[in-house]
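First up is the structure itself, then whatever we jot down about it.
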Amino acid sequence: MDNKPNSRYPHLTLTTLWCLATSLLIMSKTFAASSPVPQHIIALLNEQRFSEAYALANEHQNELEGEADFDLAFGLAAKANDNCNLAVYALERVVQAQPQAVSARFALASCYYQLANLAAAELEFNYLVQQKISPQMQTAVEQSLKAIARRQNSDNAGWHNALQLGLGQDSNPNNGIESEFINVPLLGQVKLFEQSQALSSSFYDVNAIFNYVAPLDQSSRWYSSFSASYTGYSEALAQSKSNLSAIIGYNTKLAGKDLGARIFYRPLWLDGESFLDYYGLIVEAGQTVFSQSSLGGELTIGRLDYADFEELSRDQRFFNVWFETPTFSGMSRFSLKFGDEQSLDNLVDFNSRQLVGAAYSFVQQLTARWHYKFSADYLQAEYEQPHPLFTQTREDKFVQVVLDLNYQWQTDWLLTAQMSLVDNHSNLTLYDYNRSNLWLGARYQF
C-alpha cells in the first residue's frame with residue numbers, strides 16, 4: 001500500500017503543492033526541463049503514488065541532481081515519503097537558484113517545521129507572506145505561522161539551559177589607547193600605566209546559562225534567567241572578566257499589543273575584584289504592523305554603581321524604539337536610541353551625558369543548519385561639563401560591527417564563529433581606542 005501525506009501538518013496539503021509545482025515546471029522558462037523525469041515524478045505524486053515517485057527520483061538522482069526542475073520534484077517526492085531530511089537539501093538548492101519559486105519555498109518551510117526547525121520555518125513563511133501567492137497558499141501560510149507560534153509557546157515551557165566554551169583573539173581587551181604618553185593641560189606629558197595601553201591577547205571564556213519559562217496561558221508567561229561567565233587572557237596585563245546576570249520578567253499580549261517588564265542585575269568583576277553593579281527595570285511594548293512587520297519600544301531605568309570609582313556612578317534612562325520586518329529571506333531590525341545618564345554627585349557632572357544612536361541587525365537562515373546575524377551600532381555621547389583634567393567637554397562616537405555565523409551541528413550542539421570591530425572616537429585621547437575580536441565557540445543546550 002502506498003504512503004500517505006504526512007498528517008502532522010494537515011493544512012499543508014500536498015495536492016496544492018504538486019499542482020503549483022506542475023504549473024511552475026510547465027510555465028517557468030528558468031525551469032525548462034532537460035529531461036522528462038521531473039514531470040513524470042510530479043505526475044506520480046499527483047496520482048498519490050508516493051513510493052513510485054520517490055523510487056524514480058532516487059533512480060535518477062546521481063544523473064540529474066543539481067537541475068532545478070529535478071531538485072524540486074525530488075524534494076516534493078522525499079517530503080511525501082516523510083523524508084524531510086533529504087528533501088531540504090534539494091529544496092534549498094531550488095530556492096537559492098530561484099528565490100521567487102514559491103512552491104519550493106512553501107515545501108521547504110513545511111519541511112523545516114516537520115524537522116522542528118521552527119526559526120527557519122518562520123522565516124520562510126514570513127517571506128511567502130510578502131509574495132503574490134494563491135489564496136489557498138495564503139491561508140495555509142497564515143495557519144502555519146499560527147501553528148508555529150502555538151508550538152513555540154508550548155515548547156518554551158520549563159527549563160532551557162546551556163553551557164558554552166570559546167577561544168579567541170582580542171586586539172585590545174582593556175580598551176587601551178595606542179599612545180604611551182598623553183598630554184594633560186594641568187600636568188603636562190603623562191606616562192600611562194601599561195594596563196591603559198593597547199595590547200593584544202588570546203583568551204578563553206566559559207559561560208553557563210539557566211532559563212526557566214512558566215506560561216500562564218496562550219499569551220502570558222513568567223520567566224527567569226541566570227547566567228555566569230568568565231573570560232581569561234594569556235597576557236598578564238589583560239584584566240580577566242567575571243560576569244553574572246540575573247533576570248525576572250513577565251510577558252503578555254493585550255489588545256493586540258505585546259507587553260512586558262523585567263528587572264535585571266548584572267555585576268562585573270575585573271581580575272577578581274568588584275568593579276561595577278548594573279541593575280534596573282526594563283519595560284517594553286510592541287505590536288504587529290504591515291502584515292508580518294512589528295514596531296515597538298523599550299525603556300530602561302537603571303543605575304551603574306562603580307565599586308572603587310564612586311564618582312563614575314550614575315542613574316540611567318535609556319529609550320530604544322525599533323521596527324522589525326522580513327527582508328531578503330531574513331529579518332531586519334532598525335533601532336533608534338536615546339539616553340540620559342546623570343552623575344549621583346553634582347560635583348562630578350563632567351560624567352553626566354546624553355546619548356543618541358542608531359542600530360541595524362539582520363538575521364537569515366541559510367540552510368536547515370546554517371544561519372547568521374549581522375549587527376551594526378552607532379552611539380554618540382555628549383558630556384555635560386568639561387573634564388577637570390583636560391579642561392574640555394568630552395564627546396565620544398562609538399561604532400560596533402558584529403558578524404555571527406552559526407551551525408547547528410546536532411540537536412543539542414551549536415557551533416559559532418564571531419567577528420567584531422569596535423571604534424570609539426573621542427576628542428580626549430585617553431578615551432580614544434579601537435578593538436577587534438575573533439571568537440570560536442561551542443554551545444551545548446539541554
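Residue numbering restarts at 1 in every chain; chains get A, B, ... in the order shown in the C-alpha cells, and ligands count up from 1 in that same order.
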Next on the checklist: I'd like the contact shell of segment 427-441 of chain A - 9 Å cut-off, only C-alpha atoms, skipping same-chain residues fewer than 5 positions apart - returned as a ChimeraX atom specification.
Outcome noted: /A:164-173,175-179,182-183,196,198,203-205,390,392-396,414-422
Take the residues from that selection and write them out as an mmCIF file, in the first residue's frame, keeping N, CA and C atoms.
data_model
loop_
_atom_site.group_PDB
_atom_site.id
_atom_site.type_symbol
_atom_site.label_atom_id
_atom_site.label_comp_id
_atom_site.auth_asym_id
_atom_site.auth_seq_id
_atom_site.Cartn_x
_atom_site.Cartn_y
_atom_site.Cartn_z
ATOM 1 N N GLN A 164 28.628 26.834 27.521
ATOM 2 C CA GLN A 164 29.347 27.327 26.348
ATOM 3 C C GLN A 164 30.824 27.493 26.662
ATOM 4 N N LEU A 165 31.650 27.129 25.684
ATOM 5 C CA LEU A 165 33.095 27.286 25.801
ATOM 6 C C LEU A 165 33.619 27.897 24.517
ATOM 7 N N GLY A 166 34.520 28.874 24.639
ATOM 8 C CA GLY A 166 35.039 29.528 23.447
ATOM 9 C C GLY A 166 36.496 29.914 23.577
ATOM 10 N N LEU A 167 37.141 30.090 22.420
ATOM 11 C CA LEU A 167 38.521 30.558 22.329
ATOM 12 C C LEU A 167 38.576 31.695 21.326
ATOM 13 N N GLY A 168 39.470 32.651 21.563
ATOM 14 C CA GLY A 168 39.513 33.770 20.635
ATOM 15 C C GLY A 168 40.774 34.600 20.745
ATOM 16 N N GLN A 169 40.810 35.655 19.947
ATOM 17 C CA GLN A 169 41.905 36.618 19.931
ATOM 18 C C GLN A 169 41.307 38.017 20.019
ATOM 19 N N ASP A 170 41.789 38.802 20.977
ATOM 20 C CA ASP A 170 41.281 40.154 21.216
ATOM 21 C C ASP A 170 42.428 41.145 21.042
ATOM 22 N N SER A 171 42.244 42.141 20.177
ATOM 23 C CA SER A 171 43.321 43.093 19.893
ATOM 24 C C SER A 171 43.507 44.126 20.996
ATOM 25 N N ASN A 172 42.496 44.279 21.882
ATOM 26 C CA ASN A 172 42.591 45.348 22.881
ATOM 27 C C ASN A 172 41.618 45.074 24.034
ATOM 28 N N PRO A 173 41.856 44.034 24.841
ATOM 29 C CA PRO A 173 40.885 43.641 25.871
ATOM 30 C C PRO A 173 40.643 44.692 26.943
ATOM 31 N N ASN A 175 40.582 47.959 26.404
ATOM 32 C CA ASN A 175 40.161 49.217 25.760
ATOM 33 C C ASN A 175 41.212 50.316 25.957
ATOM 34 N N GLY A 176 42.482 49.926 25.810
ATOM 35 C CA GLY A 176 43.577 50.878 25.980
ATOM 36 C C GLY A 176 43.822 51.693 24.726
ATOM 37 N N ILE A 177 44.662 52.713 24.848
ATOM 38 C CA ILE A 177 44.980 53.576 23.702
ATOM 39 C C ILE A 177 46.362 53.232 23.163
ATOM 40 N N GLU A 178 46.650 53.681 21.961
ATOM 41 C CA GLU A 178 47.906 53.331 21.302
ATOM 42 C C GLU A 178 49.098 54.073 21.897
ATOM 43 N N SER A 179 48.873 55.297 22.379
ATOM 44 C CA SER A 179 49.983 56.131 22.846
ATOM 45 C C SER A 179 50.456 55.723 24.238
ATOM 46 N N ILE A 182 50.288 60.786 27.175
ATOM 47 C CA ILE A 182 49.230 61.719 26.805
ATOM 48 C C ILE A 182 49.545 63.086 27.414
ATOM 49 N N ASN A 183 49.000 64.111 26.813
ATOM 50 C CA ASN A 183 49.229 65.461 27.304
ATOM 51 C C ASN A 183 48.019 65.900 28.136
ATOM 52 N N SER A 196 46.630 50.630 30.700
ATOM 53 C CA SER A 196 45.844 51.614 29.959
ATOM 54 C C SER A 196 46.280 51.726 28.506
ATOM 55 N N ALA A 198 47.078 49.908 24.698
ATOM 56 C CA ALA A 198 46.550 48.816 23.871
ATOM 57 C C ALA A 198 47.493 47.622 23.893
ATOM 58 N N PHE A 203 42.442 34.526 24.323
ATOM 59 C CA PHE A 203 41.608 34.360 25.512
ATOM 60 C C PHE A 203 40.736 33.112 25.384
ATOM 61 N N TYR A 204 40.175 32.725 26.516
ATOM 62 C CA TYR A 204 39.159 31.675 26.544
ATOM 63 C C TYR A 204 38.014 32.181 27.410
ATOM 64 N N ASP A 205 36.835 31.680 27.167
ATOM 65 C CA ASP A 205 35.716 32.028 28.030
ATOM 66 C C ASP A 205 34.802 30.826 28.223
ATOM 67 N N PHE A 390 41.323 67.618 31.575
ATOM 68 C CA PHE A 390 41.611 68.039 30.199
ATOM 69 C C PHE A 390 41.018 69.408 29.850
ATOM 70 N N GLN A 392 38.287 70.177 28.795
ATOM 71 C CA GLN A 392 37.441 70.085 27.613
ATOM 72 C C GLN A 392 36.207 69.237 27.940
ATOM 73 N N THR A 393 35.136 69.521 27.244
ATOM 74 C CA THR A 393 33.941 68.692 27.383
ATOM 75 C C THR A 393 34.074 67.484 26.470
ATOM 76 N N ARG A 394 33.970 66.333 27.048
ATOM 77 C CA ARG A 394 34.201 65.089 26.312
ATOM 78 C C ARG A 394 33.075 64.801 25.332
ATOM 79 N N GLU A 395 33.435 64.334 24.121
ATOM 80 C CA GLU A 395 32.480 63.879 23.109
ATOM 81 C C GLU A 395 32.998 62.575 22.512
ATOM 82 N N ASP A 396 32.171 61.539 22.542
ATOM 83 C CA ASP A 396 32.543 60.225 22.016
ATOM 84 C C ASP A 396 31.597 59.814 20.899
ATOM 85 N N LEU A 414 25.428 23.700 19.192
ATOM 86 C CA LEU A 414 25.507 24.840 18.281
ATOM 87 C C LEU A 414 26.952 25.328 18.233
ATOM 88 N N LEU A 415 27.510 25.419 17.020
ATOM 89 C CA LEU A 415 28.865 25.929 16.828
ATOM 90 C C LEU A 415 28.781 27.352 16.268
ATOM 91 N N THR A 416 29.619 28.244 16.792
ATOM 92 C CA THR A 416 29.529 29.657 16.430
ATOM 93 C C THR A 416 30.900 30.242 16.154
ATOM 94 N N ALA A 417 30.965 31.086 15.131
ATOM 95 C CA ALA A 417 32.149 31.922 14.871
ATOM 96 C C ALA A 417 31.683 33.369 14.901
ATOM 97 N N GLN A 418 32.435 34.214 15.589
ATOM 98 C CA GLN A 418 32.050 35.623 15.710
ATOM 99 C C GLN A 418 33.247 36.524 15.436
ATOM 100 N N MET A 419 32.981 37.574 14.677
ATOM 101 C CA MET A 419 33.982 38.607 14.440
ATOM 102 C C MET A 419 33.366 39.954 14.785
ATOM 103 N N SER A 420 34.086 40.772 15.543
ATOM 104 C CA SER A 420 33.562 42.086 15.920
ATOM 105 C C SER A 420 34.641 43.150 15.766
ATOM 106 N N LEU A 421 34.202 44.341 15.405
ATOM 107 C CA LEU A 421 35.074 45.503 15.270
ATOM 108 C C LEU A 421 34.466 46.652 16.067
ATOM 109 N N VAL A 422 35.288 47.338 16.856
ATOM 110 C CA VAL A 422 34.834 48.453 17.685
ATOM 111 C C VAL A 422 35.756 49.647 17.456
#
For segment 99-110 of chain A, list every protein, DNA or RNA residue within 6 Å, evaluated using only C-alpha atoms, and leave out those in the same chain fewer than 3 positions away; present the list as a PDB file with C-alpha atoms, in the first residue's frame.
ATOM      1  CA  ALA A  21       4.849  22.677  -8.835  1.00  0.00           C
ATOM      2  CA  VAL A  88      15.514  20.101   2.488  1.00  0.00           C
ATOM      3  CA  LEU A  91      14.607  22.331  -1.956  1.00  0.00           C
ATOM      4  CA  VAL A  95      15.221  28.342  -3.513  1.00  0.00           C
ATOM      5  CA  GLN A  96      18.801  29.521  -3.819  1.00  0.00           C
ATOM      6  CA  TYR A 113       8.540  22.722  10.526  1.00  0.00           C
ATOM      7  CA  ALA A 121      10.229  27.661   9.022  1.00  0.00           C
ATOM      8  CA  GLU A 124      10.426  31.122   5.057  1.00  0.00           C
TER       9      GLU A 124
END
Item to check | strand (DSSP E) call set, DSSP backbone run, segment 299-429 of chain A, as number ranges by chain | outcome: A: 299-306, 314-327, 330-343, 353-365, 370-386, 393-410, 413-426
Can I get the selection written as an mmCIF file, in the first residue's frame, with C-alpha atoms?
data_model
loop_
_atom_site.group_PDB
_atom_site.id
_atom_site.type_symbol
_atom_site.label_atom_id
_atom_site.label_comp_id
_atom_site.auth_asym_id
_atom_site.auth_seq_id
_atom_site.Cartn_x
_atom_site.Cartn_y
_atom_site.Cartn_z
ATOM 1 C CA LEU A 299 12.550 51.852 28.265
ATOM 2 C CA THR A 300 15.408 51.101 30.666
ATOM 3 C CA ILE A 301 15.575 52.736 34.094
ATOM 4 C CA GLY A 302 18.837 51.694 35.692
ATOM 5 C CA ARG A 303 21.779 52.555 37.880
ATOM 6 C CA LEU A 304 25.505 51.971 37.389
ATOM 7 C CA ASP A 305 27.385 51.685 40.702
ATOM 8 C CA TYR A 306 31.194 51.585 40.471
ATOM 9 C CA ARG A 314 25.180 57.440 37.673
ATOM 10 C CA ASP A 315 21.469 56.974 37.057
ATOM 11 C CA GLN A 316 20.420 55.884 33.592
ATOM 12 C CA ARG A 317 17.337 56.450 31.447
ATOM 13 C CA PHE A 318 17.520 54.800 28.049
ATOM 14 C CA PHE A 319 14.829 54.501 25.375
ATOM 15 C CA ASN A 320 15.027 52.301 22.290
ATOM 16 C CA VAL A 321 12.402 52.356 19.526
ATOM 17 C CA TRP A 322 12.594 49.630 16.875
ATOM 18 C CA PHE A 323 10.986 48.424 13.667
ATOM 19 C CA GLU A 324 11.327 44.784 12.556
ATOM 20 C CA THR A 325 10.409 43.492 9.107
ATOM 21 C CA PRO A 326 11.121 40.485 6.829
ATOM 22 C CA THR A 327 13.707 41.324 4.140
ATOM 23 C CA GLY A 330 15.641 37.126 6.567
ATOM 24 C CA MET A 331 14.581 39.512 9.314
ATOM 25 C CA SER A 332 15.815 43.097 9.681
ATOM 26 C CA ARG A 333 15.550 45.307 12.754
ATOM 27 C CA PHE A 334 16.089 49.071 12.710
ATOM 28 C CA SER A 335 16.524 50.903 16.020
ATOM 29 C CA LEU A 336 16.840 54.461 17.295
ATOM 30 C CA LYS A 337 18.290 55.017 20.773
ATOM 31 C CA PHE A 338 18.070 57.945 23.183
ATOM 32 C CA GLY A 339 19.646 58.036 26.616
ATOM 33 C CA ASP A 340 20.434 60.220 29.582
ATOM 34 C CA GLU A 341 22.898 59.372 32.357
ATOM 35 C CA GLN A 342 23.257 61.648 35.374
ATOM 36 C CA SER A 343 26.007 61.504 38.000
ATOM 37 C CA ARG A 353 25.998 62.582 29.446
ATOM 38 C CA GLN A 354 23.309 62.432 26.763
ATOM 39 C CA LEU A 355 23.242 59.556 24.287
ATOM 40 C CA VAL A 356 21.840 59.333 20.768
ATOM 41 C CA GLY A 357 22.303 56.378 18.470
ATOM 42 C CA ALA A 358 21.033 54.002 15.824
ATOM 43 C CA ALA A 359 21.367 50.277 15.166
ATOM 44 C CA TYR A 360 20.633 47.723 12.474
ATOM 45 C CA SER A 361 20.591 43.933 12.616
ATOM 46 C CA PHE A 362 19.829 41.239 10.055
ATOM 47 C CA VAL A 363 19.238 37.531 10.687
ATOM 48 C CA GLN A 364 18.998 34.973 7.896
ATOM 49 C CA GLN A 365 18.594 31.210 7.809
ATOM 50 C CA TRP A 370 23.357 27.368 8.984
ATOM 51 C CA HIS A 371 22.230 30.849 9.954
ATOM 52 C CA TYR A 372 23.986 34.138 10.532
ATOM 53 C CA LYS A 373 23.414 37.508 12.161
ATOM 54 C CA PHE A 374 24.903 40.867 11.225
ATOM 55 C CA SER A 375 24.574 43.880 13.500
ATOM 56 C CA ALA A 376 25.870 47.452 13.432
ATOM 57 C CA ASP A 377 25.561 50.007 16.246
ATOM 58 C CA TYR A 378 26.325 53.714 16.429
ATOM 59 C CA LEU A 379 26.167 55.735 19.660
ATOM 60 C CA GLN A 380 27.112 59.360 20.198
ATOM 61 C CA ALA A 381 27.763 60.610 23.737
ATOM 62 C CA GLU A 382 27.960 64.274 24.706
ATOM 63 C CA TYR A 383 29.054 65.054 28.256
ATOM 64 C CA GLU A 384 27.618 67.978 30.211
ATOM 65 C CA GLN A 385 30.672 69.599 31.810
ATOM 66 C CA PRO A 386 34.381 69.988 30.942
ATOM 67 C CA THR A 393 33.941 68.692 27.383
ATOM 68 C CA ARG A 394 34.201 65.089 26.312
ATOM 69 C CA GLU A 395 32.480 63.879 23.109
ATOM 70 C CA ASP A 396 32.543 60.225 22.016
ATOM 71 C CA LYS A 397 31.352 58.470 18.877
ATOM 72 C CA PHE A 398 31.099 54.705 19.302
ATOM 73 C CA VAL A 399 30.746 52.281 16.370
ATOM 74 C CA GLN A 400 30.483 48.486 16.612
ATOM 75 C CA VAL A 401 30.018 45.881 13.875
ATOM 76 C CA VAL A 402 29.439 42.191 14.708
ATOM 77 C CA LEU A 403 29.028 39.145 12.469
ATOM 78 C CA ASP A 404 27.904 35.786 13.901
ATOM 79 C CA LEU A 405 27.891 32.570 11.876
ATOM 80 C CA ASN A 406 26.107 29.618 13.497
ATOM 81 C CA TYR A 407 25.984 25.933 12.619
ATOM 82 C CA GLN A 408 23.504 23.555 14.279
ATOM 83 C CA TRP A 409 25.823 20.556 14.411
ATOM 84 C CA GLN A 410 23.379 18.370 16.318
ATOM 85 C CA TRP A 413 25.044 21.413 19.858
ATOM 86 C CA LEU A 414 25.507 24.840 18.281
ATOM 87 C CA LEU A 415 28.865 25.929 16.828
ATOM 88 C CA THR A 416 29.529 29.657 16.430
ATOM 89 C CA ALA A 417 32.149 31.922 14.871
ATOM 90 C CA GLN A 418 32.050 35.623 15.710
ATOM 91 C CA MET A 419 33.982 38.607 14.440
ATOM 92 C CA SER A 420 33.562 42.086 15.920
ATOM 93 C CA LEU A 421 35.074 45.503 15.270
ATOM 94 C CA VAL A 422 34.834 48.453 17.685
ATOM 95 C CA ASP A 423 35.922 52.050 17.230
ATOM 96 C CA ASN A 424 35.434 54.642 19.967
ATOM 97 C CA HIS A 425 36.459 58.038 18.663
ATOM 98 C CA SER A 426 36.857 60.650 21.382
#
Item to check | Residues near Gln195 of chain A, cut-off 8 Å, only C-alpha atoms, skip fewer than 2 positions along chain, as number ranges by chain | outcome: A: 174, 176, 193, 197-198, 237-238
Just-selected residues, N, CA and C atoms written as a PDB file, in the first residue's frame:
ATOM      1  N   ASN A 174      41.605  45.575  27.205  1.00  0.00           N
ATOM      2  CA  ASN A 174      41.437  46.597  28.242  1.00  0.00           C
ATOM      3  C   ASN A 174      40.916  47.924  27.700  1.00  0.00           C
ATOM      4  N   GLY A 176      42.482  49.926  25.810  1.00  0.00           N
ATOM      5  CA  GLY A 176      43.577  50.878  25.980  1.00  0.00           C
ATOM      6  C   GLY A 176      43.822  51.693  24.726  1.00  0.00           C
ATOM      7  N   PHE A 193      49.865  53.987  32.705  1.00  0.00           N
ATOM      8  CA  PHE A 193      50.112  52.623  33.169  1.00  0.00           C
ATOM      9  C   PHE A 193      49.994  51.665  31.986  1.00  0.00           C
ATOM     10  N   GLN A 197      47.278  50.935  28.126  1.00  0.00           N
ATOM     11  CA  GLN A 197      47.762  50.945  26.750  1.00  0.00           C
ATOM     12  C   GLN A 197      47.212  49.733  25.996  1.00  0.00           C
ATOM     13  N   ALA A 198      47.078  49.908  24.698  1.00  0.00           N
ATOM     14  CA  ALA A 198      46.550  48.816  23.871  1.00  0.00           C
ATOM     15  C   ALA A 198      47.493  47.622  23.893  1.00  0.00           C
ATOM     16  N   LEU A 237      48.776  41.361  31.674  1.00  0.00           N
ATOM     17  CA  LEU A 237      48.262  42.714  31.844  1.00  0.00           C
ATOM     18  C   LEU A 237      46.803  42.859  31.419  1.00  0.00           C
ATOM     19  N   ALA A 238      46.296  41.873  30.695  1.00  0.00           N
ATOM     20  CA  ALA A 238      44.882  41.916  30.296  1.00  0.00           C
ATOM     21  C   ALA A 238      44.023  41.479  31.473  1.00  0.00           C
TER      22      ALA A 238
END
Item to check | Separation of atom CA of Ile248 of chain A from atom CA of Phe275 of chain A in Å | outcome: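 Between atom CA of Phe275 of chain A and atom CA of Ile248 of chain A the gap works out to 23.1 Å.
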Checklist entry - Which polymer residues have any atom within 10 Å of an atom of Asp271 of chain A, counting only C-alpha atoms, with same-chain residues fewer than 6 positions away left out, as a PyMOL selection string? => result chain A and resi 231-232+237-242
Dump as a compact mmCIF listing (two decimals), in the first residue's frame, selection limited to N, CA and C atoms:
# COMPACT_ATOMS: atom_id res chain seq x y z
N THR A 231 36.07 35.19 31.55
CA THR A 231 36.99 35.34 30.42
C THR A 231 38.40 35.53 30.96
N GLY A 232 39.29 34.64 30.56
CA GLY A 232 40.68 34.72 30.97
C GLY A 232 41.59 34.96 29.78
N LEU A 237 48.78 41.36 31.67
CA LEU A 237 48.26 42.71 31.84
C LEU A 237 46.80 42.86 31.42
N ALA A 238 46.30 41.87 30.69
CA ALA A 238 44.88 41.92 30.30
C ALA A 238 44.02 41.48 31.47
N GLN A 239 43.04 42.29 31.83
CA GLN A 239 42.22 42.02 33.01
C GLN A 239 41.18 40.94 32.73
N SER A 240 41.18 39.90 33.56
CA SER A 240 40.14 38.87 33.43
C SER A 240 38.79 39.47 33.80
N LYS A 241 37.73 38.89 33.25
CA LYS A 241 36.38 39.42 33.46
C LYS A 241 35.45 38.31 33.94
N SER A 242 34.72 38.61 35.00
CA SER A 242 33.70 37.70 35.51
C SER A 242 32.37 38.45 35.51
Item to check | Asn211 of chain A surroundings by only C-alpha atoms, 6 Å radius, close-in-sequence under 5 positions cut, as a PyMOL selection string | outcome: chain A and resi 159-161+224-225
Item to check | Distance in Å - atom CA of Asn58 of chain A versus atom CA of Tyr112 of chain A | outcome: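 According to the coordinates, atom CA of Asn58 of chain A and atom CA of Tyr112 of chain A are separated by 21.3 Å.
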Checklist entry - Could you name the residues that touch Lys253 of chain A at 10 Å or less, counting only C-alpha atoms, but leaving out those on the same chain fewer than 2 positions away, as number ranges by chain? => result A: 218-221, 251, 255-260, 285-287
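A straight line drawn from atom CA of Asn81 of chain A to atom CA of Gln98 of chain A is 24.1 Å long.
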Next on the checklist: Counting only C-alpha atoms, which residue out of A:Ala55, A:Ile247, A:Val37, A:Ile133 sits closest to Ala78 of chain A?
Outcome noted: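 Among A:Ala55, A:Ile247, A:Val37, A:Ile133, it is A:Ala55 that comes nearest to Ala78 of chain A.
Nearest to Ala116 of chain A of all the residues A:Ala368, A:Leu192, A:Ile42, A:Val141 is A:Ala368, based on only C-alpha atoms.
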Would you list, as a JSON list (two decimals) with N, CA and C atoms, in the first residue's frame, the residues of segment 116-194 of chain A that end up in alpha helix (DSSP H) under DSSP run on this structure's backbone?
[["chain", "number", "residue", "atom", "x", "y", "z"],
["A", 118, "LEU", "N", 11.89, 25.51, 13.87],
["A", 118, "LEU", "CA", 10.80, 26.49, 13.81],
["A", 118, "LEU", "C", 11.29, 27.86, 13.37],
["A", 119, "ALA", "N", 12.51, 28.23, 13.75],
["A", 119, "ALA", "CA", 13.03, 29.54, 13.35],
["A", 119, "ALA", "C", 13.16, 29.63, 11.84],
["A", 120, "ALA", "N", 13.70, 28.56, 11.23],
["A", 120, "ALA", "CA", 13.86, 28.56, 9.77],
["A", 120, "ALA", "C", 12.50, 28.54, 9.08],
["A", 121, "ALA", "N", 11.57, 27.73, 9.61],
["A", 121, "ALA", "CA", 10.23, 27.66, 9.02],
["A", 121, "ALA", "C", 9.54, 29.02, 9.08],
["A", 122, "GLU", "N", 9.66, 29.70, 10.21],
["A", 122, "GLU", "CA", 9.02, 31.01, 10.37],
["A", 122, "GLU", "C", 9.56, 32.02, 9.38],
["A", 123, "LEU", "N", 10.90, 32.01, 9.17],
["A", 123, "LEU", "CA", 11.49, 32.95, 8.22],
["A", 123, "LEU", "C", 10.98, 32.70, 6.80],
["A", 124, "GLU", "N", 10.89, 31.44, 6.41],
["A", 124, "GLU", "CA", 10.43, 31.12, 5.06],
["A", 124, "GLU", "C", 8.94, 31.46, 4.87],
["A", 125, "PHE", "N", 8.11, 31.15, 5.86],
["A", 125, "PHE", "CA", 6.69, 31.50, 5.75],
["A", 125, "PHE", "C", 6.50, 33.02, 5.74],
["A", 126, "ASN", "N", 7.30, 33.74, 6.53],
["A", 126, "ASN", "CA", 7.22, 35.21, 6.52],
["A", 126, "ASN", "C", 7.60, 35.78, 5.16],
["A", 127, "TYR", "N", 8.57, 35.14, 4.51],
["A", 127, "TYR", "CA", 8.96, 35.58, 3.16],
["A", 127, "TYR", "C", 7.79, 35.38, 2.19],
["A", 128, "LEU", "N", 7.11, 34.23, 2.31],
["A", 128, "LEU", "CA", 5.99, 33.94, 1.41],
["A", 128, "LEU", "C", 4.84, 34.93, 1.57],
["A", 129, "VAL", "N", 4.66, 35.44, 2.78],
["A", 129, "VAL", "CA", 3.59, 36.41, 3.03],
["A", 129, "VAL", "C", 3.74, 37.63, 2.14],
["A", 135, "PRO", "N", -4.73, 32.21, -3.06],
["A", 135, "PRO", "CA", -5.49, 32.31, -1.80],
["A", 135, "PRO", "C", -5.35, 31.07, -0.93],
["A", 136, "GLN", "N", -5.29, 29.87, -1.58],
["A", 136, "GLN", "CA", -5.15, 28.65, -0.80],
["A", 136, "GLN", "C", -3.81, 28.62, -0.07],
["A", 137, "MET", "N", -2.75, 29.01, -0.77],
["A", 137, "MET", "CA", -1.45, 29.01, -0.13],
["A", 137, "MET", "C", -1.37, 30.10, 0.93],
["A", 138, "GLN", "N", -1.99, 31.25, 0.65],
["A", 138, "GLN", "CA", -2.01, 32.34, 1.63],
["A", 138, "GLN", "C", -2.65, 31.86, 2.93],
["A", 139, "THR", "N", -3.75, 31.14, 2.82],
["A", 139, "THR", "CA", -4.43, 30.62, 4.01],
["A", 139, "THR", "C", -3.54, 29.62, 4.75],
["A", 140, "ALA", "N", -2.90, 28.73, 3.98],
["A", 140, "ALA", "CA", -2.02, 27.73, 4.60],
["A", 140, "ALA", "C", -0.84, 28.38, 5.31],
["A", 141, "VAL", "N", -0.26, 29.43, 4.70],
["A", 141, "VAL", "CA", 0.87, 30.13, 5.30],
["A", 141, "VAL", "C", 0.45, 30.78, 6.62],
["A", 142, "GLU", "N", -0.70, 31.44, 6.62],
["A", 142, "GLU", "CA", -1.18, 32.09, 7.84],
["A", 142, "GLU", "C", -1.44, 31.07, 8.94],
["A", 143, "GLN", "N", -2.04, 29.92, 8.57],
["A", 143, "GLN", "CA", -2.28, 28.87, 9.55],
["A", 143, "GLN", "C", -0.96, 28.31, 10.09],
["A", 144, "SER", "N", 0.02, 28.21, 9.21],
["A", 144, "SER", "CA", 1.32, 27.68, 9.60],
["A", 144, "SER", "C", 2.00, 28.60, 10.61],
["A", 145, "LEU", "N", 1.96, 29.89, 10.37],
["A", 145, "LEU", "CA", 2.57, 30.84, 11.30],
["A", 145, "LEU", "C", 1.89, 30.80, 12.66],
["A", 146, "LYS", "N", 0.57, 30.63, 12.67],
["A", 146, "LYS", "CA", -0.14, 30.50, 13.94],
["A", 146, "LYS", "C", 0.27, 29.20, 14.65],
["A", 147, "ALA", "N", 0.42, 28.12, 13.88],
["A", 147, "ALA", "CA", 0.83, 26.84, 14.47],
["A", 147, "ALA", "C", 2.23, 26.94, 15.07],
["A", 148, "ILE", "N", 3.12, 27.66, 14.39],
["A", 148, "ILE", "CA", 4.47, 27.85, 14.91],
["A", 148, "ILE", "C", 4.43, 28.62, 16.22],
["A", 149, "ALA", "N", 3.62, 29.69, 16.26],
["A", 149, "ALA", "CA", 3.51, 30.49, 17.48],
["A", 149, "ALA", "C", 3.01, 29.64, 18.65],
["A", 150, "ARG", "N", 1.99, 28.79, 18.39],
["A", 150, "ARG", "CA", 1.46, 27.93, 19.45],
["A", 150, "ARG", "C", 2.51, 26.92, 19.90],
["A", 151, "ARG", "N", 3.22, 26.36, 18.93],
["A", 151, "ARG", "CA", 4.22, 25.34, 19.28],
["A", 151, "ARG", "C", 5.40, 25.95, 20.03],
["A", 152, "GLN", "N", 5.81, 27.13, 19.64],
["A", 152, "GLN", "CA", 6.90, 27.80, 20.35],
["A", 152, "GLN", "C", 6.51, 28.08, 21.79],
["A", 153, "ASN", "N", 5.27, 28.51, 22.00],
["A", 153, "ASN", "CA", 4.80, 28.78, 23.35],
["A", 153, "ASN", "C", 4.79, 27.52, 24.20],
["A", 154, "SER", "N", 4.38, 26.41, 23.59],
["A", 154, "SER", "CA", 4.34, 25.13, 24.31],
["A", 154, "SER", "C", 5.74, 24.60, 24.57],
["A", 155, "ASP", "N", 6.60, 24.68, 23.52],
["A", 155, "ASP", "CA", 7.96, 24.15, 23.65],
["A", 155, "ASP", "C", 8.80, 24.95, 24.64]]
